[in-house]
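Colleague: The file below is model.csv, CSV, C-alpha atoms:
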chain,number,residue,atom,x,y,z
A,172,MET,CA,14.0,-53.9,-44.5
A,173,ALA,CA,15.4,-56.5,-42.1
A,174,ALA,CA,17.8,-55.3,-39.5
A,175,THR,CA,21.5,-56.3,-39.6
A,176,LEU,CA,23.0,-58.3,-36.7
A,177,GLU,CA,24.7,-55.2,-35.5
A,178,GLU,CA,21.5,-53.2,-35.5
A,179,ILE,CA,19.8,-56.0,-33.6
A,180,VAL,CA,22.4,-56.0,-30.9
A,181,ASP,CA,22.2,-52.2,-30.6
A,182,GLY,CA,18.5,-52.5,-30.3
A,183,LEU,CA,18.7,-55.2,-27.7
A,184,ALA,CA,21.2,-53.1,-25.7
A,185,GLU,CA,18.7,-50.2,-25.6
A,186,ILE,CA,15.9,-52.6,-24.6
A,187,VAL,CA,18.0,-54.2,-21.8
A,188,ASN,CA,19.1,-50.8,-20.7
A,189,GLU,CA,15.5,-49.6,-20.4
A,190,ILE,CA,14.1,-52.7,-18.7
A,191,ALA,CA,17.0,-53.7,-16.4
A,192,GLY,CA,19.1,-50.6,-16.2
A,193,ILE,CA,22.2,-52.3,-17.6
A,194,PRO,CA,24.6,-49.9,-19.5
A,195,VAL,CA,24.3,-50.3,-23.2
A,196,GLU,CA,28.0,-51.0,-23.6
A,197,ASP,CA,27.8,-54.0,-21.4
A,198,VAL,CA,25.3,-55.7,-23.7
A,199,GLN,CA,27.7,-57.8,-25.9
A,200,LEU,CA,27.1,-60.9,-28.0
A,201,ASP,CA,28.7,-63.3,-25.6
A,202,LYS,CA,27.0,-62.0,-22.5
A,203,SER,CA,24.5,-64.2,-20.7
A,204,PHE,CA,21.2,-62.4,-19.8
A,205,THR,CA,20.9,-64.1,-16.4
A,206,ASP,CA,24.5,-64.6,-15.4
A,207,ASP,CA,26.2,-61.5,-16.7
A,208,LEU,CA,23.5,-58.9,-17.2
A,209,ASP,CA,21.3,-59.7,-14.2
A,210,VAL,CA,18.2,-60.0,-16.3
A,211,ASP,CA,15.9,-62.4,-14.4
A,212,SER,CA,13.3,-64.7,-16.0
A,213,LEU,CA,10.5,-62.2,-15.7
A,214,SER,CA,12.6,-59.3,-17.0
A,215,MET,CA,13.6,-61.6,-19.9
A,216,VAL,CA,9.9,-61.8,-20.9
A,217,GLU,CA,9.7,-58.0,-21.0
A,218,VAL,CA,12.9,-57.9,-23.1
A,219,VAL,CA,11.4,-60.5,-25.5
A,220,VAL,CA,8.1,-58.7,-25.9
A,221,ALA,CA,9.9,-55.4,-26.5
A,222,ALA,CA,12.2,-57.1,-29.1
A,223,GLU,CA,9.2,-58.6,-30.8
A,224,GLU,CA,7.7,-55.2,-31.3
A,225,ARG,CA,10.9,-53.6,-32.3
A,226,PHE,CA,12.0,-56.2,-34.8
A,227,ASP,CA,8.6,-57.5,-36.0
A,228,VAL,CA,9.3,-61.0,-35.0
A,229,LYS,CA,7.5,-63.6,-32.9
A,230,ILE,CA,9.4,-65.4,-30.1
A,231,PRO,CA,7.2,-68.1,-28.6
A,232,ASP,CA,7.5,-69.0,-24.8
A,233,ASP,CA,9.0,-72.3,-25.7
A,234,ASP,CA,11.9,-70.6,-27.6
A,235,VAL,CA,12.6,-68.0,-24.9
A,236,LYS,CA,14.4,-70.5,-22.7
A,237,ASN,CA,16.9,-71.2,-25.4
A,238,LEU,CA,18.0,-67.6,-25.6
A,239,LYS,CA,20.8,-67.7,-23.1
A,240,THR,CA,23.1,-65.0,-24.5
A,241,VAL,CA,22.6,-61.7,-26.3
A,242,GLY,CA,24.1,-63.6,-29.3
A,243,ASP,CA,21.4,-66.3,-29.1
A,244,ALA,CA,18.7,-63.6,-29.1
A,245,ALA,CA,20.3,-61.6,-31.9
A,246,ASP,CA,20.7,-64.7,-34.1
A,247,TYR,CA,17.1,-65.8,-33.4
A,248,ILE,CA,15.8,-62.4,-34.4
A,249,ALA,CA,17.9,-62.2,-37.5
A,250,LYS,CA,16.7,-65.6,-38.6
A,251,HIS,CA,13.0,-65.0,-37.8
A,252,GLN,CA,12.4,-61.4,-38.6
A,253,ALA,CA,10.0,-60.4,-41.4
A,254,ALA,CA,11.9,-59.8,-44.6
B,36,MET,CA,-49.4,-69.3,-26.2
B,37,SER,CA,-49.8,-67.9,-22.6
B,38,LYS,CA,-48.1,-64.7,-21.8
B,39,ILE,CA,-45.4,-64.7,-19.1
B,40,LYS,CA,-45.6,-61.6,-16.9
B,41,PRO,CA,-42.5,-59.4,-17.5
B,42,THR,CA,-40.2,-58.9,-14.6
B,43,LYS,CA,-38.5,-55.6,-13.9
B,44,GLY,CA,-35.1,-55.4,-12.1
B,45,ALA,CA,-33.2,-52.3,-11.0
B,46,PRO,CA,-32.0,-49.9,-13.7
B,47,TYR,CA,-28.4,-50.4,-12.7
B,48,ALA,CA,-26.3,-52.2,-10.0
B,49,ARG,CA,-23.5,-51.1,-7.7
B,50,ILE,CA,-21.2,-52.5,-5.0
B,51,MET,CA,-22.8,-51.4,-1.8
B,52,GLY,CA,-20.3,-52.8,0.7
B,53,VAL,CA,-17.1,-54.8,1.0
B,54,GLY,CA,-15.5,-56.9,3.7
B,55,GLY,CA,-12.5,-59.1,4.1
B,56,TYR,CA,-11.0,-61.7,6.4
B,57,ARG,CA,-7.3,-62.6,6.7
B,58,PRO,CA,-6.3,-65.6,8.8
B,59,THR,CA,-4.5,-64.7,12.0
B,60,ARG,CA,-1.3,-66.6,11.2
B,61,ILE,CA,1.2,-64.5,9.3
B,62,VAL,CA,3.8,-66.5,7.5
B,63,PRO,CA,7.1,-64.7,6.6
B,64,ASN,CA,9.4,-65.9,3.9
B,65,GLU,CA,11.7,-67.5,6.5
B,66,VAL,CA,9.1,-70.2,7.0
B,67,ILE,CA,8.9,-70.9,3.2
B,68,LEU,CA,12.7,-71.2,3.1
B,69,GLU,CA,12.5,-74.2,5.5
B,70,THR,CA,11.3,-76.4,2.5
B,71,ILE,CA,12.9,-74.7,-0.6
B,72,ASP,CA,16.4,-73.7,-1.5
B,73,SER,CA,15.9,-70.0,-2.1
B,74,SER,CA,16.3,-66.7,-0.3
B,75,ASP,CA,14.2,-63.9,1.1
B,76,GLU,CA,15.8,-61.6,-1.5
B,77,TRP,CA,15.0,-63.9,-4.4
B,78,ILE,CA,11.4,-64.3,-3.3
B,79,ARG,CA,10.9,-60.6,-2.8
B,80,SER,CA,12.6,-59.7,-6.2
B,81,ARG,CA,10.5,-62.2,-8.2
B,82,SER,CA,7.1,-61.7,-6.4
B,83,GLY,CA,7.2,-58.7,-4.1
B,84,ILE,CA,5.8,-61.0,-1.4
B,85,ALA,CA,7.1,-60.6,2.1
B,86,THR,CA,4.4,-62.3,4.2
B,87,ARG,CA,1.2,-64.1,3.6
B,88,HIS,CA,-1.6,-65.5,5.8
B,89,TRP,CA,-2.2,-69.2,6.2
B,90,ALA,CA,-5.4,-70.5,7.7
B,91,SER,CA,-5.7,-72.6,10.8
B,92,PRO,CA,-7.9,-75.7,10.8
B,93,GLU,CA,-10.6,-73.6,12.3
B,94,GLU,CA,-10.4,-71.0,9.6
B,95,THR,CA,-12.3,-73.0,7.1
B,96,VAL,CA,-13.5,-71.7,3.7
B,97,ALA,CA,-17.0,-71.3,5.3
B,98,ALA,CA,-15.7,-69.7,8.5
B,99,MET,CA,-13.5,-67.1,6.6
B,100,SER,CA,-16.4,-66.4,4.2
B,101,ILE,CA,-18.8,-65.8,7.1
B,102,GLU,CA,-16.4,-63.2,8.7
B,103,ALA,CA,-15.9,-61.4,5.4
B,104,SER,CA,-19.6,-61.5,4.6
B,105,GLY,CA,-20.7,-60.0,7.9
B,106,LYS,CA,-18.4,-57.0,7.4
B,107,ALA,CA,-19.6,-56.6,3.8
B,108,ILE,CA,-23.3,-56.7,4.8
B,109,ALA,CA,-22.7,-54.2,7.6
B,110,ASP,CA,-20.7,-52.0,5.2
B,111,ALA,CA,-23.6,-52.1,2.8
B,112,GLY,CA,-26.0,-51.0,5.5
B,113,ILE,CA,-28.5,-53.8,5.0
B,114,THR,CA,-29.4,-56.9,7.1
B,115,PRO,CA,-28.6,-60.5,6.2
B,116,GLU,CA,-32.3,-61.2,5.5
B,117,GLN,CA,-32.1,-58.8,2.6
B,118,ILE,CA,-29.6,-61.0,0.7
B,119,ASP,CA,-31.4,-62.9,-2.1
B,120,ALA,CA,-28.5,-64.7,-3.6
B,121,VAL,CA,-25.1,-65.9,-2.5
B,122,VAL,CA,-22.4,-66.6,-5.1
B,123,VAL,CA,-19.1,-68.1,-3.9
B,124,SER,CA,-16.0,-68.4,-6.1
B,125,THR,CA,-13.4,-70.8,-4.8
B,126,VAL,CA,-11.1,-73.5,-6.1
B,127,SER,CA,-10.0,-74.7,-2.6
B,128,HIS,CA,-13.1,-75.9,-0.9
B,129,PHE,CA,-12.5,-79.6,-0.7
B,130,LYS,CA,-16.1,-80.8,-0.2
B,131,GLN,CA,-17.7,-80.4,-3.6
B,132,THR,CA,-21.2,-81.0,-2.6
B,133,PRO,CA,-23.3,-79.4,-1.3
B,134,ALA,CA,-22.1,-76.0,-2.5
B,135,VAL,CA,-20.4,-74.1,0.4
B,136,ALA,CA,-22.5,-71.1,-0.5
B,137,THR,CA,-25.6,-72.8,1.0
B,138,GLU,CA,-23.8,-73.2,4.4
B,139,ILE,CA,-22.6,-69.7,4.4
B,140,ALA,CA,-26.0,-68.3,3.5
B,141,ASP,CA,-27.6,-70.2,6.4
B,142,ARG,CA,-24.9,-69.3,8.9
B,143,ILE,CA,-25.0,-65.6,8.2
B,144,GLY,CA,-28.7,-65.6,8.7
B,145,ALA,CA,-29.8,-64.9,5.1
B,146,GLY,CA,-32.7,-67.2,5.3
B,147,LYS,CA,-33.3,-69.1,2.0
B,148,PRO,CA,-31.5,-67.2,-0.7
B,149,ALA,CA,-30.3,-68.7,-4.0
B,150,ALA,CA,-26.8,-70.0,-3.2
B,151,PHE,CA,-24.2,-71.6,-5.4
B,152,ASP,CA,-20.5,-71.9,-6.0
B,153,ILE,CA,-18.6,-71.0,-9.2
B,154,SER,CA,-15.2,-72.0,-10.4
B,155,ALA,CA,-13.2,-69.3,-12.3
B,156,GLY,CA,-9.9,-69.3,-10.6
B,157,CYS,CA,-8.3,-65.9,-10.1
B,158,ALA,CA,-11.0,-64.3,-12.3
B,159,GLY,CA,-13.7,-65.7,-9.9
B,160,PHE,CA,-14.4,-62.3,-8.3
B,161,GLY,CA,-15.1,-60.7,-11.6
B,162,TYR,CA,-17.2,-63.6,-12.8
B,163,GLY,CA,-19.2,-63.4,-9.6
B,164,LEU,CA,-19.6,-59.7,-9.8
B,165,THR,CA,-20.8,-59.9,-13.3
B,166,LEU,CA,-23.4,-62.6,-12.4
B,167,ALA,CA,-24.5,-60.4,-9.4
B,168,LYS,CA,-25.0,-57.3,-11.5
B,169,SER,CA,-27.0,-59.3,-14.1
B,170,LEU,CA,-29.3,-60.8,-11.4
B,171,VAL,CA,-30.0,-57.4,-9.9
B,172,VAL,CA,-30.7,-55.7,-13.2
B,173,GLU,CA,-32.7,-58.6,-14.5
B,174,GLY,CA,-34.8,-58.7,-11.3
B,175,SER,CA,-34.1,-62.2,-9.9
B,176,ALA,CA,-32.4,-60.7,-6.8
B,177,HIS,CA,-32.2,-57.3,-5.1
B,178,HIS,CA,-29.1,-57.9,-3.1
B,179,VAL,CA,-26.4,-60.4,-4.0
B,180,LEU,CA,-23.5,-61.5,-1.8
B,181,VAL,CA,-20.4,-62.3,-3.9
B,182,ILE,CA,-17.6,-64.0,-2.0
B,183,GLY,CA,-14.1,-64.9,-3.2
B,184,VAL,CA,-12.5,-67.3,-0.8
B,185,GLU,CA,-9.4,-69.5,-0.9
B,186,ARG,CA,-7.3,-71.8,1.3
B,187,LEU,CA,-4.5,-72.1,-1.3
B,188,SER,CA,-2.1,-73.2,1.4
B,189,ASP,CA,-3.9,-76.6,1.1
B,190,LEU,CA,-3.0,-76.6,-2.6
B,191,THR,CA,0.6,-75.4,-2.3
B,192,ASP,CA,3.6,-77.7,-3.0
B,193,LEU,CA,6.0,-76.5,-0.3
B,194,GLU,CA,8.9,-78.1,-2.1
B,195,ASP,CA,8.3,-76.3,-5.4
B,196,ARG,CA,10.6,-73.4,-5.3
B,197,ALA,CA,8.6,-71.6,-8.1
B,198,THR,CA,5.3,-71.5,-6.2
B,199,ALA,CA,5.9,-72.4,-2.5
B,200,PHE,CA,6.1,-68.7,-1.6
B,201,LEU,CA,3.3,-67.5,-3.8
B,202,PHE,CA,-0.1,-68.4,-2.3
B,203,GLY,CA,-2.1,-67.2,0.7
B,204,ASP,CA,-5.5,-67.7,2.3
B,205,GLY,CA,-8.3,-65.4,2.9
B,206,ALA,CA,-11.9,-64.3,2.0
B,207,GLY,CA,-13.3,-61.1,0.5
B,208,ALA,CA,-16.9,-60.3,0.0
B,209,VAL,CA,-19.1,-57.6,-1.6
B,210,VAL,CA,-22.8,-56.9,-1.6
B,211,VAL,CA,-24.2,-55.9,-5.0
B,212,GLY,CA,-27.5,-54.1,-5.0
B,213,PRO,CA,-29.6,-51.7,-7.0
B,214,ALA,CA,-28.4,-48.3,-8.3
B,215,LYS,CA,-30.0,-45.3,-10.0
B,216,GLU,CA,-27.0,-44.8,-12.4
B,217,PRO,CA,-24.3,-47.1,-13.8
B,218,MET,CA,-21.8,-48.0,-11.1
B,219,ILE,CA,-20.5,-51.3,-12.5
B,220,GLY,CA,-19.3,-51.0,-16.1
B,221,PRO,CA,-19.5,-53.6,-18.8
B,222,THR,CA,-17.4,-56.7,-18.1
B,223,ILE,CA,-14.7,-57.7,-20.6
B,224,TRP,CA,-14.3,-61.4,-20.0
B,225,GLY,CA,-13.4,-64.6,-21.6
B,226,SER,CA,-11.5,-67.9,-21.6
B,227,GLU,CA,-8.5,-69.3,-23.5
B,228,GLY,CA,-8.9,-73.0,-23.0
B,229,ASP,CA,-6.0,-73.7,-25.4
B,230,LYS,CA,-3.7,-72.4,-22.6
B,231,SER,CA,-5.2,-74.7,-19.9
B,232,ASP,CA,-1.8,-76.1,-19.0
B,233,THR,CA,-0.3,-72.8,-18.2
B,234,ILE,CA,-1.8,-72.7,-14.6
B,235,LYS,CA,-3.4,-75.9,-13.3
B,236,GLN,CA,-3.8,-78.4,-10.5
B,237,THR,CA,-1.0,-80.9,-11.0
B,238,VAL,CA,-3.2,-84.0,-11.1
B,239,PRO,CA,-7.0,-84.8,-10.6
B,240,TRP,CA,-8.1,-85.9,-7.2
B,241,ASP,CA,-8.8,-89.4,-8.3
B,242,ASP,CA,-5.2,-89.9,-9.4
B,243,TYR,CA,-4.2,-89.3,-5.8
B,244,ARG,CA,-7.0,-91.5,-4.4
B,245,ASN,CA,-6.1,-94.3,-6.8
B,246,GLY,CA,-2.5,-94.1,-5.8
B,247,THR,CA,-1.4,-93.2,-9.4
B,248,VAL,CA,0.6,-90.3,-7.8
B,249,GLU,CA,2.0,-90.1,-4.3
B,250,LYS,CA,1.9,-86.3,-3.9
B,251,PHE,CA,-1.3,-84.5,-3.0
B,252,PRO,CA,-2.4,-82.2,-5.9
B,253,ALA,CA,-1.1,-78.7,-5.9
B,254,ILE,CA,-1.3,-75.6,-8.1
B,255,THR,CA,1.5,-75.3,-10.6
B,256,GLN,CA,2.2,-72.8,-13.3
B,257,GLU,CA,4.6,-71.9,-16.2
B,258,GLY,CA,6.0,-68.7,-14.8
B,259,GLN,CA,7.3,-67.0,-17.9
B,260,ALA,CA,4.2,-67.8,-20.0
B,261,VAL,CA,1.9,-66.6,-17.2
B,262,PHE,CA,3.9,-63.4,-16.9
B,263,ARG,CA,3.7,-62.6,-20.6
B,264,TRP,CA,0.0,-63.3,-20.8
B,265,ALA,CA,-0.9,-61.5,-17.6
B,266,VAL,CA,1.1,-58.4,-18.4
B,267,PHE,CA,0.7,-57.9,-22.1
B,268,GLU,CA,-2.6,-59.7,-23.0
B,269,MET,CA,-4.4,-58.6,-19.8
B,270,ALA,CA,-3.3,-55.0,-20.3
B,271,LYS,CA,-5.3,-55.0,-23.5
B,272,VAL,CA,-8.3,-56.5,-21.7
B,273,ALA,CA,-8.0,-53.8,-19.0
B,274,GLN,CA,-7.9,-51.1,-21.6
B,275,GLN,CA,-11.0,-52.6,-23.3
B,276,ALA,CA,-12.8,-52.4,-19.9
B,277,LEU,CA,-11.9,-48.8,-19.6
B,278,ASP,CA,-13.0,-48.0,-23.1
B,279,ALA,CA,-16.3,-49.9,-22.6
B,280,ALA,CA,-17.0,-47.9,-19.5
B,281,GLY,CA,-16.1,-44.6,-21.2
B,282,ILE,CA,-13.4,-43.9,-18.7
B,283,SER,CA,-10.0,-42.6,-19.6
B,284,SER,CA,-6.9,-43.5,-17.5
B,285,GLU,CA,-6.9,-39.8,-16.4
B,286,ASP,CA,-10.5,-40.3,-15.0
B,287,LEU,CA,-9.4,-43.4,-13.1
B,288,ASP,CA,-8.7,-43.2,-9.4
B,289,VAL,CA,-7.8,-46.7,-8.4
B,290,PHE,CA,-6.4,-49.8,-10.2
B,291,ILE,CA,-7.1,-53.2,-8.4
B,292,PRO,CA,-5.6,-56.0,-10.5
B,293,HIS,CA,-5.7,-59.6,-9.2
B,294,GLN,CA,-2.8,-59.7,-6.7
B,295,ALA,CA,-0.9,-62.4,-8.5
B,296,ASN,CA,2.7,-61.1,-8.2
B,297,MET,CA,4.1,-57.6,-7.7
B,298,ARG,CA,6.2,-57.8,-10.9
B,299,ILE,CA,3.0,-58.5,-12.9
B,300,ILE,CA,1.2,-55.6,-11.2
B,301,ASP,CA,4.2,-53.2,-11.9
B,302,SER,CA,4.5,-54.2,-15.5
B,303,MET,CA,0.8,-53.9,-16.1
B,304,VAL,CA,0.8,-50.4,-14.7
B,305,LYS,CA,3.7,-49.6,-17.1
B,306,THR,CA,2.1,-51.2,-20.1
B,307,LEU,CA,-1.2,-49.5,-19.4
B,308,LYS,CA,0.6,-46.2,-19.0
B,309,LEU,CA,-1.4,-45.3,-15.9
B,310,PRO,CA,-0.7,-41.8,-14.6
B,311,ASP,CA,0.8,-41.4,-11.2
B,312,SER,CA,-2.5,-40.1,-9.9
B,313,VAL,CA,-3.9,-43.6,-10.0
B,314,THR,CA,-3.7,-45.5,-6.7
B,315,VAL,CA,-2.5,-49.1,-7.4
B,316,ALA,CA,-3.4,-52.0,-5.1
B,317,ARG,CA,-0.2,-53.7,-3.9
B,318,ASP,CA,-1.8,-56.0,-1.3
B,319,VAL,CA,0.2,-59.0,-2.6
B,320,GLU,CA,3.2,-57.9,-0.5
B,321,THR,CA,1.6,-58.9,2.8
B,322,THR,CA,-1.3,-61.2,1.6
B,323,GLY,CA,0.3,-63.3,-1.1
B,324,ASN,CA,-1.8,-64.5,-4.1
B,325,THR,CA,-5.2,-65.4,-2.7
B,326,SER,CA,-6.8,-66.1,-6.2
B,327,ALA,CA,-10.6,-65.3,-6.1
B,328,ALA,CA,-10.2,-63.4,-2.8
B,329,SER,CA,-7.5,-61.1,-3.8
B,330,ILE,CA,-9.5,-58.2,-5.4
B,331,PRO,CA,-12.1,-57.8,-2.7
B,332,LEU,CA,-9.4,-58.1,0.0
B,333,ALA,CA,-7.3,-55.5,-1.7
B,334,MET,CA,-10.3,-53.3,-2.2
B,335,GLU,CA,-11.3,-53.5,1.4
B,336,ARG,CA,-7.7,-52.6,2.5
B,337,LEU,CA,-7.4,-49.6,0.2
B,338,LEU,CA,-10.7,-48.2,1.6
B,339,ALA,CA,-9.8,-49.1,5.2
B,340,THR,CA,-6.4,-47.4,5.1
B,341,GLY,CA,-7.8,-44.3,3.3
B,342,GLN,CA,-5.7,-44.9,0.1
B,343,ALA,CA,-9.0,-45.0,-1.7
B,344,LYS,CA,-12.4,-43.6,-0.8
B,345,SER,CA,-16.1,-44.3,-1.4
B,346,GLY,CA,-17.1,-43.0,-4.8
B,347,ASP,CA,-13.7,-43.5,-6.4
B,348,THR,CA,-13.6,-45.0,-9.9
B,349,ALA,CA,-11.7,-48.3,-9.9
B,350,LEU,CA,-10.6,-50.7,-12.6
B,351,VAL,CA,-10.7,-54.3,-11.4
B,352,ILE,CA,-9.2,-57.2,-13.4
B,353,GLY,CA,-8.9,-60.8,-12.5
B,354,PHE,CA,-7.0,-63.4,-14.5
B,355,GLY,CA,-5.8,-66.9,-14.0
B,356,ALA,CA,-6.2,-70.7,-14.4
B,357,GLY,CA,-8.3,-71.6,-17.5
B,358,LEU,CA,-7.0,-69.3,-18.7
B,359,VAL,CA,-9.9,-67.0,-17.8
B,360,TYR,CA,-10.2,-63.3,-17.2
B,361,ALA,CA,-12.7,-60.6,-16.3
B,362,ALA,CA,-12.2,-56.8,-16.2
B,363,THR,CA,-14.7,-54.1,-15.3
B,364,VAL,CA,-14.8,-50.5,-14.0
B,365,VAL,CA,-16.7,-50.0,-10.7
B,366,THR,CA,-17.5,-47.2,-8.4
B,367,LEU,CA,-16.1,-48.1,-4.9
B,368,PRO,CA,-18.6,-48.5,-2.1
Just dump the structure as structure tokens.

Modeller:
Amino acid sequence: MAATLEEIVDGLAEIVNEIAGIPVEDVQLDKSFTDDLDVDSLSMVEVVVAAEERFDVKIPDDDVKNLKTVGDAADYIAKHQAA
Amino acid sequence: MSKIKPTKGAPYARIMGVGGYRPTRIVPNEVILETIDSSDEWIRSRSGIATRHWASPEETVAAMSIEASGKAIADAGITPEQIDAVVVSTVSHFKQTPAVATEIADRIGAGKPAAFDISAGCAGFGYGLTLAKSLVVEGSAHHVLVIGVERLSDLTDLEDRATAFLFGDGAGAVVVGPAKEPMIGPTIWGSEGDKSDTIKQTVPWDDYRNGTVEKFPAITQEGQAVFRWAVFEMAKVAQQALDAAGISSEDLDVFIPHQANMRIIDSMVKTLKLPDSVTVARDVETTGNTSAASIPLAMERLLATGQAKSGDTALVIGFGAGLVYAATVVTLP
């Protein structure tokens, strides 16, 4: 069953915590990965790959650069995840 | 039909000796920062690189190769005359013909061995090693000199803040010869030409000659795409090479990935779930990315510093422009 937006954000928070060491409570919809959460471009790739596995979704390289905020990523995953 | 007499090569092949040459000039990040808007901290955090070696005009592709080859031949305990084939992998030898391998073969005193260049980017060492093993086992050569050599400083755009800090120069060489038991495992190799734009020379030489472009060609890459492919796809290839050799990660002593970038190396180690007991080559910190030369250079340094020892089982994997890759398990010389 597809994850809800809330479940996606919780999952992203766990992933960002594991990869970049950011406290899960800091990972909010309006936070920018690079500016607010200190996730650099290479860590972002690791976040994306972990999210792909967790939510059964494909996020091509060309789309990664459009995912500026946690909300962008959560919306993308919600829209593209397998039903 | 006349019968061709069958040839018989060695039962197996091994790496008998390794040698390296690093140019004398050490270039710290401060020098790179003269032409790009960045910081030492940024460069270190994105690449793990603190210094790299850049070649002087005298430290040519041939000159560096000769130095590395001499050490590899001495380490192998043979004489230059015993070399039957010389395989050179490089993308930065600007004189395309004749092959630089012929000059190197002559100047090391190898006589008249088969000598040729190959082009396989950062996978060049693995491609050369695989050819060498095949020649020894098939019987066309007893001892093959495999050289990975680059002067990537000549192909670096010093104004490109994504790559200006990345590349270094140097040469690494190994001698491959006969063995009584398998000491070079099966190679898992391939190419993904559909991703040829991911790492590439900016423009062909003739565009520069014709004045179509003003800037001399340089190597450029799509950082995030390279990172994803290198870490996650190449980890699968590395695992396949272990499986093909019948070696578990617990059996492994040393991991020598192409020294592309420390972040790639660290993430590969994590993705492969290598135990702490495995020594990981992190030569990129002081050598930069030297493409085809990086694996033999890292191998030589691990052995020279005692971090690895002769007889250790090592996983080597090269990957780069093409995209191409080659992974195999070897016994260290």

Colleague: Here is a test: counting only C-alpha atoms, which residue of B:Ala48, B:Val210, B:Ala134, B:Ile299 is nearest to Ile113 of chain B?

Modeller: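 With only C-alpha atoms as the atom set, the closest residue is B:Val210.
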
Colleague: Can you pull out every residue within 7 Å of Ala45 of chain B, counting all atoms listed in the file, but drop anything in the same chain fewer than 5 positions away, and send it as an MDAnalysis selection string?

Modeller: chainID B and resid 171:172 174 213:214

Colleague: Which residues of chain A have any atom within 10 Å of an atom in chain B when counting only C-alpha atoms, and what is the closest pair of atoms for each, with the distance in Å to one decimal? Order the rows by chain and rising number and write it as JSON lines.

Modeller:
{"residue": "A:Asp211", "atom": "CA", "partner": "B:Arg81", "partner_atom": "CA", "distance": 8.2}
{"residue": "A:Ser212", "atom": "CA", "partner": "B:Gln259", "partner_atom": "CA", "distance": 6.7}
{"residue": "A:Leu213", "atom": "CA", "partner": "B:Gln259", "partner_atom": "CA", "distance": 6.2}
{"residue": "A:Ser214", "atom": "CA", "partner": "B:Arg298", "partner_atom": "CA", "distance": 9.0}
{"residue": "A:Met215", "atom": "CA", "partner": "B:Gln259", "partner_atom": "CA", "distance": 8.5}
{"residue": "A:Val216", "atom": "CA", "partner": "B:Arg263", "partner_atom": "CA", "distance": 6.3}
{"residue": "A:Glu217", "atom": "CA", "partner": "B:Arg263", "partner_atom": "CA", "distance": 7.6}
{"residue": "A:Val219", "atom": "CA", "partner": "B:Arg263", "partner_atom": "CA", "distance": 9.4}
{"residue": "A:Val220", "atom": "CA", "partner": "B:Arg263", "partner_atom": "CA", "distance": 7.9}
{"residue": "A:Pro231", "atom": "CA", "partner": "B:Ala260", "partner_atom": "CA", "distance": 9.1}
{"residue": "A:Asp232", "atom": "CA", "partner": "B:Ala260", "partner_atom": "CA", "distance": 5.9}
{"residue": "A:Asp233", "atom": "CA", "partner": "B:Ala260", "partner_atom": "CA", "distance": 8.7}
{"residue": "A:Val235", "atom": "CA", "partner": "B:Gln259", "partner_atom": "CA", "distance": 8.8}
{"residue": "A:Lys236", "atom": "CA", "partner": "B:Gln259", "partner_atom": "CA", "distance": 9.3}

Colleague: Let me make sure I understand: among B:Gly159, B:Pro92, B:Gly203, B:Gly212, which one has the smallest atom-to-atom distance to Gly44 of chain B if we use only C-alpha atoms?

Modeller: B:Gly212

Colleague: To one decimal in Å, tell me the separation between atom CA of Phe204 of chain A and atom CA of Thr240 of chain A.

Modeller: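 That distance, rounded to one decimal, is 5.7 Å.
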
Colleague: Which residues are near Ala140 of chain B? Cut-off 9 Å, all atoms listed in the file, ignore same chain within fewer than 5 positions. Put them as a list of chain:residue names.

Modeller: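 After dropping sequence-adjacent residues, the list is B:Ile101, B:Pro115, B:Ile118, B:Ala120, B:Val121, B:Val135, B:Ala145, B:Gly146, B:Lys147, B:Pro148, B:Ala149, B:Ala150, B:Leu180.
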
Colleague: Can you tell me, as an mmCIF file with C-alpha atoms, in the frame of the given file, which residues sit within 10 Å of (-18.5, -50.4, 4.2) in the file's frame, using all atoms listed in the file?

Modeller:
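Full text of part36.cif as output:
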data_model
loop_
_atom_site.group_PDB
_atom_site.id
_atom_site.type_symbol
_atom_site.label_atom_id
_atom_site.label_comp_id
_atom_site.auth_asym_id
_atom_site.auth_seq_id
_atom_site.Cartn_x
_atom_site.Cartn_y
_atom_site.Cartn_z
ATOM 1 C CA ILE B 50 -21.200 -52.500 -5.000
ATOM 2 C CA MET B 51 -22.800 -51.400 -1.800
ATOM 3 C CA GLY B 52 -20.300 -52.800 0.700
ATOM 4 C CA VAL B 53 -17.100 -54.800 1.000
ATOM 5 C CA GLY B 54 -15.500 -56.900 3.700
ATOM 6 C CA LYS B 106 -18.400 -57.000 7.400
ATOM 7 C CA ALA B 107 -19.600 -56.600 3.800
ATOM 8 C CA ILE B 108 -23.300 -56.700 4.800
ATOM 9 C CA ALA B 109 -22.700 -54.200 7.600
ATOM 10 C CA ASP B 110 -20.700 -52.000 5.200
ATOM 11 C CA ALA B 111 -23.600 -52.100 2.800
ATOM 12 C CA GLY B 112 -26.000 -51.000 5.500
ATOM 13 C CA VAL B 209 -19.100 -57.600 -1.600
ATOM 14 C CA VAL B 210 -22.800 -56.900 -1.600
ATOM 15 C CA GLU B 335 -11.300 -53.500 1.400
ATOM 16 C CA LEU B 338 -10.700 -48.200 1.600
ATOM 17 C CA ALA B 339 -9.800 -49.100 5.200
ATOM 18 C CA SER B 345 -16.100 -44.300 -1.400
ATOM 19 C CA LEU B 367 -16.100 -48.100 -4.900
ATOM 20 C CA PRO B 368 -18.600 -48.500 -2.100
#

Colleague: Quick one: pull the distance between atom CA of Gly355 of chain B and atom CA of Ala295 of chain B, Å, one decimal.

Modeller: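 Spanning atom CA of Gly355 of chain B to atom CA of Ala295 of chain B is a straight-line distance of 8.6 Å.
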